[in-house]
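S.K.: If it helps, the file is called start_28.txt and holds compact mmCIF, C-alpha atoms:
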```
# COMPACT_ATOMS: atom_id res chain seq x y z
CA MET A 237 118.29 165.94 -73.85
CA ALA A 238 119.25 162.55 -75.30
CA ALA A 239 122.21 162.38 -72.93
CA LEU A 240 119.91 162.93 -69.99
CA LYS A 241 117.71 160.02 -70.94
CA ASP A 242 120.74 157.78 -71.49
CA ILE A 243 122.08 158.50 -68.04
CA LYS A 244 118.72 157.83 -66.48
CA ARG A 245 118.49 154.47 -68.21
CA LYS A 246 121.99 153.57 -67.05
CA VAL A 247 121.15 154.42 -63.44
CA SER A 248 118.17 152.13 -63.43
CA ALA A 249 120.21 149.33 -65.02
CA VAL A 250 122.88 149.60 -62.36
CA GLN A 251 120.19 149.67 -59.71
CA LYS A 252 118.86 146.35 -60.95
CA THR A 253 122.32 144.83 -60.99
CA LYS A 254 122.74 145.99 -57.43
CA GLN A 255 119.55 144.23 -56.40
CA ILE A 256 120.80 141.00 -57.92
CA THR A 257 124.23 141.17 -56.36
CA ARG A 258 122.74 141.95 -52.99
CA ALA A 259 120.40 138.97 -53.25
CA MET A 260 123.30 136.72 -54.24
CA ASN A 261 125.26 138.01 -51.31
CA MET A 262 122.48 137.07 -48.96
CA VAL A 263 122.02 133.61 -50.47
CA ALA A 264 125.76 132.98 -50.28
CA ALA A 265 125.77 134.14 -46.66
CA SER A 266 123.15 131.64 -45.63
CA LYS A 267 124.83 128.80 -47.54
CA PHE A 268 128.11 129.82 -46.02
CA LYS A 269 126.66 129.55 -42.55
CA ASN A 270 125.49 126.01 -43.22
CA ALA A 271 128.79 124.99 -44.74
CA LEU A 272 130.72 126.46 -41.85
CA HIS A 273 128.49 124.65 -39.40
CA ARG A 274 129.11 121.32 -41.10
CA MET A 275 132.81 121.97 -41.17
CA GLU A 276 132.90 122.73 -37.48
CA ASN A 277 130.92 119.61 -36.69
CA PHE A 278 133.32 117.49 -38.65
CA ARG A 279 136.40 118.93 -37.02
CA PRO A 280 136.36 116.84 -33.82
CA TYR A 281 135.96 113.65 -35.83
CA ALA A 282 138.78 114.50 -38.20
CA GLY A 283 141.04 115.57 -35.34
CA LYS A 284 140.48 112.43 -33.30
CA PHE A 285 140.81 110.28 -36.36
CA LEU A 286 144.17 111.71 -37.34
CA ASP A 287 145.35 111.36 -33.75
CA VAL A 288 144.55 107.69 -33.67
CA ILE A 289 145.98 106.86 -37.06
CA ASN A 290 149.14 108.74 -36.14
CA SER A 291 149.64 106.76 -32.99
CA LEU A 292 148.90 103.55 -34.83
CA ALA A 293 151.26 104.29 -37.70
CA LEU A 294 154.04 104.78 -35.15
CA ARG A 295 153.76 101.20 -34.09
CA VAL A 296 153.66 99.34 -37.34
CA GLU A 297 156.46 98.63 -39.73
CA PRO A 298 156.51 100.95 -42.73
CA GLY A 299 155.62 99.03 -45.83
CA VAL A 300 153.30 96.75 -43.94
CA HIS A 301 150.42 97.97 -46.07
CA PRO A 302 150.35 98.61 -49.84
CA LEU A 303 148.87 102.07 -49.29
CA LEU A 304 152.00 103.03 -47.34
CA THR A 305 154.46 101.76 -49.92
CA VAL A 306 156.41 104.33 -51.90
CA ARG A 307 156.82 103.36 -55.54
CA ASP A 308 159.12 104.89 -58.09
CA GLY A 309 156.75 105.11 -61.02
CA GLY A 310 156.10 108.43 -62.69
CA LYS A 311 152.35 108.34 -62.79
CA ILE A 312 150.70 111.04 -60.75
CA THR A 313 147.04 111.62 -60.14
CA ALA A 314 145.85 114.89 -58.69
CA ILE A 315 142.40 115.56 -57.35
CA CYS A 316 141.59 119.15 -58.20
CA MET A 317 138.70 120.64 -56.29
CA THR A 318 136.91 123.69 -57.59
CA SER A 319 133.39 124.96 -57.12
CA ASP A 320 130.52 124.19 -59.47
CA ARG A 321 129.55 127.77 -60.05
CA GLY A 322 131.36 130.98 -60.70
CA LEU A 323 130.90 134.53 -59.47
CA CYS A 324 133.04 133.96 -56.47
CA GLY A 325 136.03 136.19 -57.12
CA GLY A 326 139.38 134.55 -57.66
CA PHE A 327 138.39 131.38 -55.86
CA ASN A 328 138.55 129.07 -58.86
CA SER A 329 141.07 130.87 -61.01
CA ASN A 330 143.64 130.89 -58.22
CA LEU A 331 143.26 127.18 -57.76
CA ILE A 332 143.43 126.50 -61.48
CA LYS A 333 146.61 128.53 -61.76
CA TYR A 334 148.08 126.53 -58.91
CA VAL A 335 147.15 123.25 -60.56
CA GLU A 336 148.67 124.34 -63.86
CA ARG A 337 151.91 125.22 -62.15
CA PHE A 338 151.89 121.86 -60.42
CA ILE A 339 151.38 120.04 -63.71
CA ARG A 340 154.17 122.05 -65.36
CA GLU A 341 156.62 121.27 -62.58
CA LYS A 342 155.86 117.57 -62.51
CA THR A 343 155.97 117.27 -66.28
CA ARG A 344 159.39 118.87 -66.24
CA GLU A 345 160.48 116.17 -63.81
CA GLY A 346 159.41 113.66 -66.41
CA LYS A 347 156.27 112.57 -64.67
CA GLU A 348 152.86 112.09 -66.12
CA VAL A 349 150.01 113.92 -64.45
CA LYS A 350 146.36 113.02 -64.73
CA LEU A 351 143.56 114.91 -63.08
CA ILE A 352 140.41 114.02 -61.27
CA THR A 353 138.27 117.11 -61.18
CA VAL A 354 135.65 117.75 -58.58
CA GLY A 355 133.41 120.67 -59.43
CA ARG A 356 132.25 122.04 -62.77
CA LYS A 357 134.67 124.95 -63.09
CA GLY A 358 137.78 122.82 -62.97
CA ARG A 359 136.30 120.28 -65.35
CA ASP A 360 135.38 122.95 -67.90
CA TYR A 361 138.82 124.49 -67.77
CA PHE A 362 140.90 121.32 -67.92
CA ARG A 363 138.69 119.37 -70.28
CA ARG A 364 140.88 120.19 -73.27
CA LYS A 365 144.10 121.10 -71.50
CA ALA A 366 144.87 118.05 -69.45
CA GLU A 367 144.07 114.42 -69.22
CA LEU A 368 141.07 113.81 -67.01
CA LYS A 369 140.80 110.50 -65.31
CA ASP A 370 137.49 111.13 -63.71
CA GLU A 371 135.16 113.99 -63.07
CA TYR A 372 132.55 114.84 -60.49
CA VAL A 373 130.26 117.66 -61.53
CA ASP A 374 127.41 119.39 -59.72
CA VAL A 375 128.24 117.84 -56.43
CA PHE A 376 128.38 120.77 -54.06
CA GLY A 377 124.67 121.44 -53.89
CA ARG A 378 124.18 118.45 -51.66
CA PHE A 379 126.87 116.09 -50.62
CA THR A 380 127.50 113.64 -47.82
CA MET A 381 130.27 111.41 -46.65
CA ASP A 382 129.13 108.99 -49.38
CA LEU A 383 130.55 111.20 -52.10
CA ALA A 384 133.92 111.25 -50.35
CA GLY A 385 133.65 107.48 -50.05
CA GLU A 386 133.02 107.13 -53.75
CA ILE A 387 135.97 109.30 -54.72
CA ALA A 388 138.22 107.58 -52.20
CA ALA A 389 137.27 104.10 -53.38
CA GLY A 390 138.08 105.08 -56.96
CA VAL A 391 141.52 106.46 -56.21
CA ILE A 392 142.46 103.64 -53.85
CA ASP A 393 141.57 101.07 -56.49
CA SER A 394 143.62 102.82 -59.12
CA PHE A 395 146.55 103.16 -56.72
CA LEU A 396 146.47 99.49 -55.83
CA ALA A 397 146.11 98.51 -59.47
CA GLY A 398 149.25 100.49 -60.29
CA ASP A 399 147.48 103.06 -62.47
CA CYS A 400 148.91 105.79 -60.35
CA ASP A 401 151.96 105.91 -58.11
CA GLU A 402 151.27 109.11 -56.26
CA LEU A 403 148.02 110.79 -55.41
CA TYR A 404 147.74 114.45 -54.57
CA LEU A 405 144.85 116.54 -53.42
CA ILE A 406 144.76 120.19 -54.42
CA ASN A 407 142.06 122.31 -52.89
CA ASN A 408 141.46 125.71 -51.43
CA GLN A 409 142.10 125.67 -47.73
CA PHE A 410 139.64 127.65 -45.76
CA LEU A 411 141.42 130.20 -43.59
CA ASN A 412 138.59 132.68 -43.13
CA VAL A 413 135.72 134.22 -45.05
CA SER A 414 137.89 136.26 -47.35
CA VAL A 415 141.09 134.24 -47.39
CA GLN A 416 141.37 130.89 -49.11
CA LYS A 417 144.70 129.47 -50.03
CA ALA A 418 145.35 126.79 -52.61
CA ALA A 419 147.20 123.94 -50.97
CA LEU A 420 148.65 120.62 -51.96
CA VAL A 421 148.49 117.46 -49.86
CA ARG A 422 149.92 114.11 -50.77
CA ILE A 423 147.38 111.44 -49.90
CA LEU A 424 148.95 108.30 -51.28
CA PRO A 425 151.27 106.76 -50.48
CA VAL A 426 150.32 107.88 -47.01
CA PRO A 427 153.18 110.11 -45.91
CA SER A 428 155.09 109.14 -42.81
CA LEU A 429 152.39 109.85 -40.33
CA GLY A 430 154.09 109.05 -37.10
CA THR A 431 156.11 111.92 -35.76
CA THR A 432 156.81 111.33 -32.12
CA GLU A 433 157.18 114.93 -31.07
CA ALA A 434 153.67 115.81 -32.31
CA LEU A 435 152.14 113.33 -29.90
CA ASP A 436 151.62 114.01 -26.25
CA HIS A 437 152.97 111.64 -23.69
CA ASP A 438 150.06 109.29 -23.09
CA ARG A 439 149.82 108.52 -26.80
CA THR A 440 153.13 106.72 -26.74
CA VAL A 441 152.05 104.15 -24.17
CA GLU A 442 151.64 100.60 -25.32
CA TYR A 443 148.22 99.76 -26.72
CA LEU A 444 146.24 96.59 -26.92
CA TYR A 445 144.83 96.02 -30.39
CA GLU A 446 141.76 94.20 -31.47
CA PRO A 447 142.09 92.82 -34.12
CA SER A 448 145.87 93.07 -34.73
CA ALA A 449 147.51 96.39 -35.55
CA PRO A 450 148.05 95.62 -39.25
CA ALA A 451 144.44 94.47 -39.58
CA LEU A 452 143.24 97.68 -37.96
CA LEU A 453 145.43 99.71 -40.26
CA GLU A 454 143.92 97.90 -43.20
CA GLN A 455 140.52 99.23 -42.16
CA LEU A 456 141.68 102.66 -41.11
CA LEU A 457 143.76 103.67 -44.12
CA PRO A 458 140.92 103.73 -46.66
CA ARG A 459 138.88 105.64 -44.13
CA TYR A 460 141.76 108.04 -43.71
CA VAL A 461 141.68 108.85 -47.42
CA ARG A 462 137.95 109.37 -47.16
CA VAL A 463 138.29 111.70 -44.18
CA LEU A 464 140.85 113.84 -46.02
CA ILE A 465 138.66 114.08 -49.11
CA TYR A 466 135.55 114.85 -47.11
CA ARG A 467 137.35 117.59 -45.25
CA ALA A 468 138.52 119.08 -48.54
CA LEU A 469 134.95 118.99 -49.85
CA LEU A 470 133.70 120.81 -46.79
CA GLU A 471 136.45 123.39 -47.02
CA THR A 472 135.77 123.99 -50.70
CA SER A 473 132.09 124.39 -50.07
CA ALA A 474 132.61 126.84 -47.23
CA GLY A 475 135.35 128.66 -49.11
CA GLU A 476 133.29 129.01 -52.27
CA ASN A 477 130.38 130.58 -50.48
CA GLY A 478 132.64 132.75 -48.38
CA ALA A 479 134.42 134.00 -51.48
CA ARG A 480 131.11 134.62 -53.23
CA MET A 481 129.82 136.53 -50.24
CA VAL A 482 132.81 138.84 -50.32
CA ALA A 483 132.74 139.20 -54.11
CA MET A 484 129.05 140.07 -54.11
CA ASP A 485 129.48 142.48 -51.26
CA ASN A 486 132.14 144.28 -53.27
CA ALA A 487 129.95 144.25 -56.36
CA THR A 488 127.06 145.77 -54.41
CA ARG A 489 129.32 148.49 -53.09
CA ASN A 490 130.66 149.24 -56.57
CA CYS A 491 127.11 149.52 -57.84
CA GLU A 492 126.33 152.06 -55.14
CA GLU A 493 129.36 154.09 -56.09
CA MET A 494 128.41 153.99 -59.73
CA ILE A 495 124.85 155.05 -59.00
CA GLN A 496 126.13 157.96 -56.99
CA SER A 497 128.45 159.21 -59.67
CA LEU A 498 125.84 158.70 -62.38
CA THR A 499 123.22 160.58 -60.36
CA LEU A 500 125.66 163.43 -59.93
CA LYS A 501 126.29 163.47 -63.67
CA TYR A 502 122.56 163.39 -64.32
CA ASN A 503 121.88 166.34 -62.05
CA LYS A 504 124.68 168.32 -63.62
CA ALA A 505 123.38 167.63 -67.11
CA ARG A 506 119.87 168.57 -66.07
CA GLN A 507 121.06 171.81 -64.50
CA ALA A 508 123.03 172.59 -67.64
CA ALA A 509 119.95 171.99 -69.78
CA ILE A 510 117.82 174.29 -67.60
CA THR A 511 120.46 177.00 -67.67
CA ALA A 512 120.69 176.77 -71.44
CA GLU A 513 116.93 177.06 -71.74
CA LEU A 514 116.82 180.09 -69.44
CA MET A 515 119.54 181.77 -71.46
CA ASP A 516 117.45 181.22 -74.55
CA ILE A 517 114.38 182.78 -73.00
CA VAL A 518 116.29 185.72 -71.55
CA GLY A 519 118.06 186.25 -74.86
CA GLY A 520 114.73 186.15 -76.65
CA THR A 521 112.95 188.69 -74.43
CA GLU A 522 115.92 191.05 -74.57
CA ALA A 523 115.86 190.89 -78.33
CA LEU A 524 112.12 191.61 -78.32
CA ALA A 525 112.52 194.59 -75.92
CA LYS A 526 115.20 196.10 -78.12
CA GLY A 527 113.18 195.69 -81.24
CA MET B 281 145.81 107.49 -12.56
CA ALA B 282 142.62 109.00 -13.75
CA GLN B 283 139.75 108.01 -11.54
CA GLU B 284 137.01 109.02 -13.89
CA LEU B 285 135.88 107.56 -17.15
CA MET B 286 135.10 110.08 -19.86
CA LEU B 287 133.15 109.05 -22.91
CA ASP B 288 133.23 110.80 -26.27
CA ILE B 289 131.05 109.68 -29.16
CA VAL B 290 131.87 111.46 -32.41
CA THR B 291 130.43 111.05 -35.89
CA PRO B 292 131.31 112.99 -39.05
CA GLU B 293 128.12 115.03 -38.62
CA LYS B 294 128.54 115.99 -35.01
CA ARG B 295 129.72 115.20 -31.53
CA VAL B 296 126.89 112.99 -30.30
CA PHE B 297 127.84 112.61 -26.67
CA GLU B 298 130.51 113.83 -24.30
CA GLY B 299 130.49 113.27 -20.59
CA GLN B 300 131.49 111.29 -17.55
CA VAL B 301 130.14 107.78 -17.29
CA ASP B 302 130.47 104.80 -14.96
CA GLU B 303 130.78 102.07 -17.55
CA VAL B 304 130.60 101.61 -21.34
CA THR B 305 129.77 98.53 -23.40
CA VAL B 306 130.98 98.68 -26.99
CA PRO B 307 130.10 96.33 -29.88
CA GLY B 308 133.65 95.57 -30.99
CA ALA B 309 134.24 93.91 -34.32
CA GLU B 310 135.62 90.86 -32.48
CA GLY B 311 132.87 90.80 -29.89
CA GLN B 312 131.37 93.05 -27.31
CA PHE B 313 133.61 94.52 -24.65
CA GLY B 314 133.07 96.60 -21.56
CA VAL B 315 135.22 99.44 -20.29
CA LEU B 316 135.49 100.57 -16.67
CA LYS B 317 137.68 103.27 -15.25
CA GLY B 318 141.36 102.43 -15.11
CA HIS B 319 141.19 100.37 -18.28
CA THR B 320 144.46 99.86 -20.11
CA ALA B 321 145.17 101.64 -23.40
CA PHE B 322 143.24 99.87 -26.07
CA LEU B 323 142.26 100.32 -29.70
CA SER B 324 139.58 98.32 -31.40
CA SER B 325 137.39 98.49 -34.43
CA VAL B 326 133.67 98.78 -33.84
CA GLY B 327 131.05 96.93 -35.81
CA ILE B 328 127.37 97.55 -36.30
CA GLY B 329 125.62 97.09 -33.01
CA GLU B 330 124.40 98.33 -29.74
CA LEU B 331 126.49 100.59 -27.57
CA SER B 332 125.42 101.33 -24.03
CA PHE B 333 126.74 103.23 -21.06
CA THR B 334 125.69 103.83 -17.48
CA GLN B 335 125.54 107.31 -16.12
CA GLU B 336 124.48 107.74 -12.48
CA GLY B 337 122.77 104.37 -12.51
CA LYS B 338 120.85 105.12 -15.69
CA LYS B 339 121.55 103.11 -18.78
CA THR B 340 121.53 104.76 -22.21
CA PHE B 341 121.55 102.87 -25.49
CA PHE B 342 122.90 103.88 -28.89
CA ALA B 343 122.73 102.17 -32.26
CA VAL B 344 126.14 102.60 -33.87
CA ASN B 345 127.54 101.82 -37.28
CA THR B 346 131.17 100.83 -37.94
CA GLY B 347 134.17 102.80 -36.79
CA TYR B 348 136.58 102.32 -33.97
CA ALA B 349 137.06 102.90 -30.28
CA GLU B 350 140.11 104.16 -28.47
CA VAL B 351 140.65 103.86 -24.75
CA ALA B 352 143.49 105.90 -23.31
CA SER B 353 144.06 107.26 -19.79
CA GLY B 354 140.49 107.21 -18.58
CA ARG B 355 139.03 108.44 -21.81
CA VAL B 356 136.98 106.42 -24.28
CA THR B 357 136.67 107.86 -27.75
CA ILE B 358 134.18 106.27 -30.10
CA LEU B 359 134.46 107.31 -33.74
CA VAL B 360 131.64 105.89 -35.82
CA GLU B 361 129.82 106.67 -39.04
CA THR B 362 126.47 107.08 -37.30
CA ALA B 363 125.25 106.93 -33.72
CA GLU B 364 121.62 107.30 -32.71
CA ARG B 365 120.25 107.36 -29.21
CA SER B 366 117.50 104.81 -28.61
CA ASP B 367 114.75 107.41 -28.35
CA MET B 368 115.89 109.26 -31.47
CA ILE B 369 115.65 106.31 -33.83
CA ASP B 370 113.21 106.52 -36.69
CA THR B 371 111.62 103.08 -36.29
CA GLU B 372 109.37 103.55 -39.30
CA ARG B 373 112.37 104.12 -41.52
CA ALA B 374 114.28 101.22 -40.02
CA ARG B 375 111.34 98.88 -40.56
CA LYS B 376 111.08 99.90 -44.19
CA ALA B 377 114.82 99.45 -44.66
CA LYS B 378 114.52 95.99 -43.16
CA GLU B 379 111.73 94.98 -45.52
CA ARG B 380 113.53 96.39 -48.53
CA ALA B 381 116.73 94.60 -47.63
CA GLU B 382 114.96 91.30 -47.11
CA ILE B 383 113.20 91.49 -50.44
CA ARG B 384 116.31 92.42 -52.33
CA MET B 385 118.40 89.82 -50.60
CA ALA B 386 115.96 87.11 -51.58
CA LYS B 387 116.14 88.32 -55.16
CA SER B 388 119.85 88.91 -55.51
CA ALA B 389 121.05 85.86 -53.61
CA ARG B 390 121.89 84.17 -56.88
CA GLU B 391 122.79 87.23 -58.90
CA GLU B 392 125.35 89.58 -57.51
CA GLU B 393 127.59 89.09 -54.55
CA LEU B 394 128.28 92.75 -53.96
CA ASP B 395 124.68 93.78 -53.84
CA TYR B 396 123.93 90.92 -51.52
CA GLU B 397 126.63 92.00 -49.11
CA ARG B 398 125.40 95.56 -49.13
CA MET B 399 121.87 94.50 -48.41
CA ARG B 400 123.05 92.22 -45.66
CA LEU B 401 124.78 95.12 -43.92
CA SER B 402 121.75 97.29 -44.45
CA LEU B 403 119.59 94.59 -42.86
CA ILE B 404 121.87 94.30 -39.85
CA ARG B 405 121.77 98.07 -39.39
CA ALA B 406 117.99 98.09 -39.58
CA LEU B 407 117.64 95.22 -37.12
CA THR B 408 120.04 96.87 -34.69
CA ARG B 409 118.10 100.10 -34.85
CA LEU B 410 114.83 98.33 -34.18
CA LYS B 411 116.31 96.39 -31.29
CA VAL B 412 117.85 99.46 -29.70
CA ALA B 413 114.71 101.51 -30.26
CA GLU B 414 112.74 99.05 -28.15
CA LYS B 415 114.87 99.87 -25.15
CA SER B 416 113.96 103.52 -24.89
```
Please render this file's structure as structure tokens.
M.R.:
Amino acid sequence: MAALKDIKRKVSAVQKTKQITRAMNMVAASKFKNALHRMENFRPYAGKFLDVINSLALRVEPGVHPLLTVRDGGKITAICMTSDRGLCGGFNSNLIKYVERFIREKTREGKEVKLITVGRKGRDYFRRKAELKDEYVDVFGRFTMDLAGEIAAGVIDSFLAGDCDELYLINNQFLNVSVQKAALVRILPVPSLGTTEALDHDRTVEYLYEPSAPALLEQLLPRYVRVLIYRALLETSAGENGARMVAMDNATRNCEEMIQSLTLKYNKARQAAITAELMDIVGGTEALAKG
Amino acid sequence: MAQELMLDIVTPEKRVFEGQVDEVTVPGAEGQFGVLKGHTAFLSSVGIGELSFTQEGKKTFFAVNTGYAEVASGRVTILVETAERSDMIDTERARKAKERAEIRMAKSAREEELDYERMRLSLIRALTRLKVAEKS
């Protein structure tokens, strides 16, 4: 009989877990919808922006701006973007693995890698394992372009001051709800932007600039860094909630399966107990009749 | 040669306006400029100010905040941090921002340059909003 009670207790425990995972799934779904919406709204801006900076970069001399200059130093800074909270499948661990591999490779090349972590999970993991230059924690609950501006201003200053020679951004690219892929982008020095074939014909016509092209570039480049970082923030936020949605959906389904198999076990055990009892009674009466 | 003039106003939050217009006036960083159809390719930074365009004889005003404008083959693209149509401006908020900026500017004039500059920009934004809001 003890086994019966145990099983019953287990079923109710799993049931409660299932309620929680289902609730988390629903919360993640609504957050995901918001994040996706923001990402879609930002897309035209980012697209147009990159178009313009591309066509501008084609027309100025490389090396005209310090942010475009390639330096030979070995100091690398990588912005590593994870979520603040867990329970979202392999979302963070995949990214962390990717970052570790990146650090290993660069260290082997004799370069020094420092990290700027955005998001609690990455900070917690790398706190003791790597050198952190800066950290941004608990930012994904509410963030605006200002956060991207803050991060961008920090890295641009350190680049110009010579504290870092290359700046990379590692974040999970959002492909769809269930697929996020860790990806690496070099932000600084700004990679050769202008590729003629990527531009359609009317972009190669001569422009008038106001103020001059270098002066415009001066204003646009910091904003370019900010746009890239903001886009990564949006993608991380959407990806995190998408991954959590899927993870929680799976968890809910597993709970259901477990409840089913436990219920089956419970019924079997109960039936066995009843049968055993009946046998006892039958055995008893037969013994009485004989006697 | 494109005979129409298309206008596109985009901010990081959303696409604010997209459509065919007759004429656009943009608050460029080096002074206001107007764009009509057939304008040559042109790229300019945009300051804080008042943007307006005419659509079927009706003039619409926007308060915009720093970014840039691109004109290419009959298409004007305005990329700015914020853009608010005159009748969507929160005048109450703008008035408060103006007061706050004025007070803090008076206080920090001697102290910190950076703060002063920030407040100055905030004041200009607030004043622009109030001015544009009056036109709705």
S.K.: Compile the contact shell of Lys376 in chain B as a ChimeraX atom specification: residues with an atom at most 12 Å away, counting only C-alpha atoms, same-chain residues fewer than 4 positions apart removed.
M.R.: /B:370-372,380-383,402-403,405-407,409-410
S.K.: Report as a list in words the set of chain A residues whose atoms approach chain B to within 6 Å, with distances computed over all atoms listed in the file.
M.R.: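 Therefore, the residues near the partner are Asn277, Phe278, Tyr281, Tyr443, Leu444, Tyr445 and Glu446 of chain A.
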S.K.: Might you pull out every residue within 7 Å of range 476-489 of chain A, with all atoms listed in the file counted and same-chain residues fewer than 6 positions away left off, and present them as a count of residues only?
M.R.: 16
S.K.: Please determine, counting all atoms listed in the file, which residue among B:Val301, B:Val306, B:Ala363, B:Leu401 has the shortest atom-to-atom distance to Gly337 in chain B.
M.R.: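 Once distances to Gly337 in chain B are computed over all atoms listed in the file, the minimum belongs to B:Val301.
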S.K.: Box for range 365-377 of chain B: with edges along x, y and z, all listed atoms inside and 5 Å added on each side, what are the centre and edge lengths in Å to one decimal, as JSON?
M.R.:
```
{"center_x": 114.8, "center_y": 104.1, "center_z": -36.5, "size_x": 20.9, "size_y": 20.4, "size_z": 26.3}
```
S.K.: Got a sec: who's within 8 Å of Leu498 in chain A, counting only C-alpha atoms, leaving out chain neighbours fewer than 5 positions off, as a list in words?
M.R.: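 Skipping anything fewer than 5 positions along the chain leaves Ile243, Lys246 and Val247 of chain A.
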S.K.: May I ask for the distance between CA of Lys417 in chain A and CA of Asp374 in chain A, given in Å to one decimal place?
M.R.: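 Computing the Euclidean distance for CA of Lys417 in chain A and CA of Asp374 in chain A yields 22.2 Å.
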S.K.: Which one is closest to Gly398 in chain A: A:Val296, A:Leu514, A:Ala523, A:Ile312? Count only C-alpha atoms.
M.R.: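 Distance minimum relative to Gly398 in chain A lands on A:Ile312.
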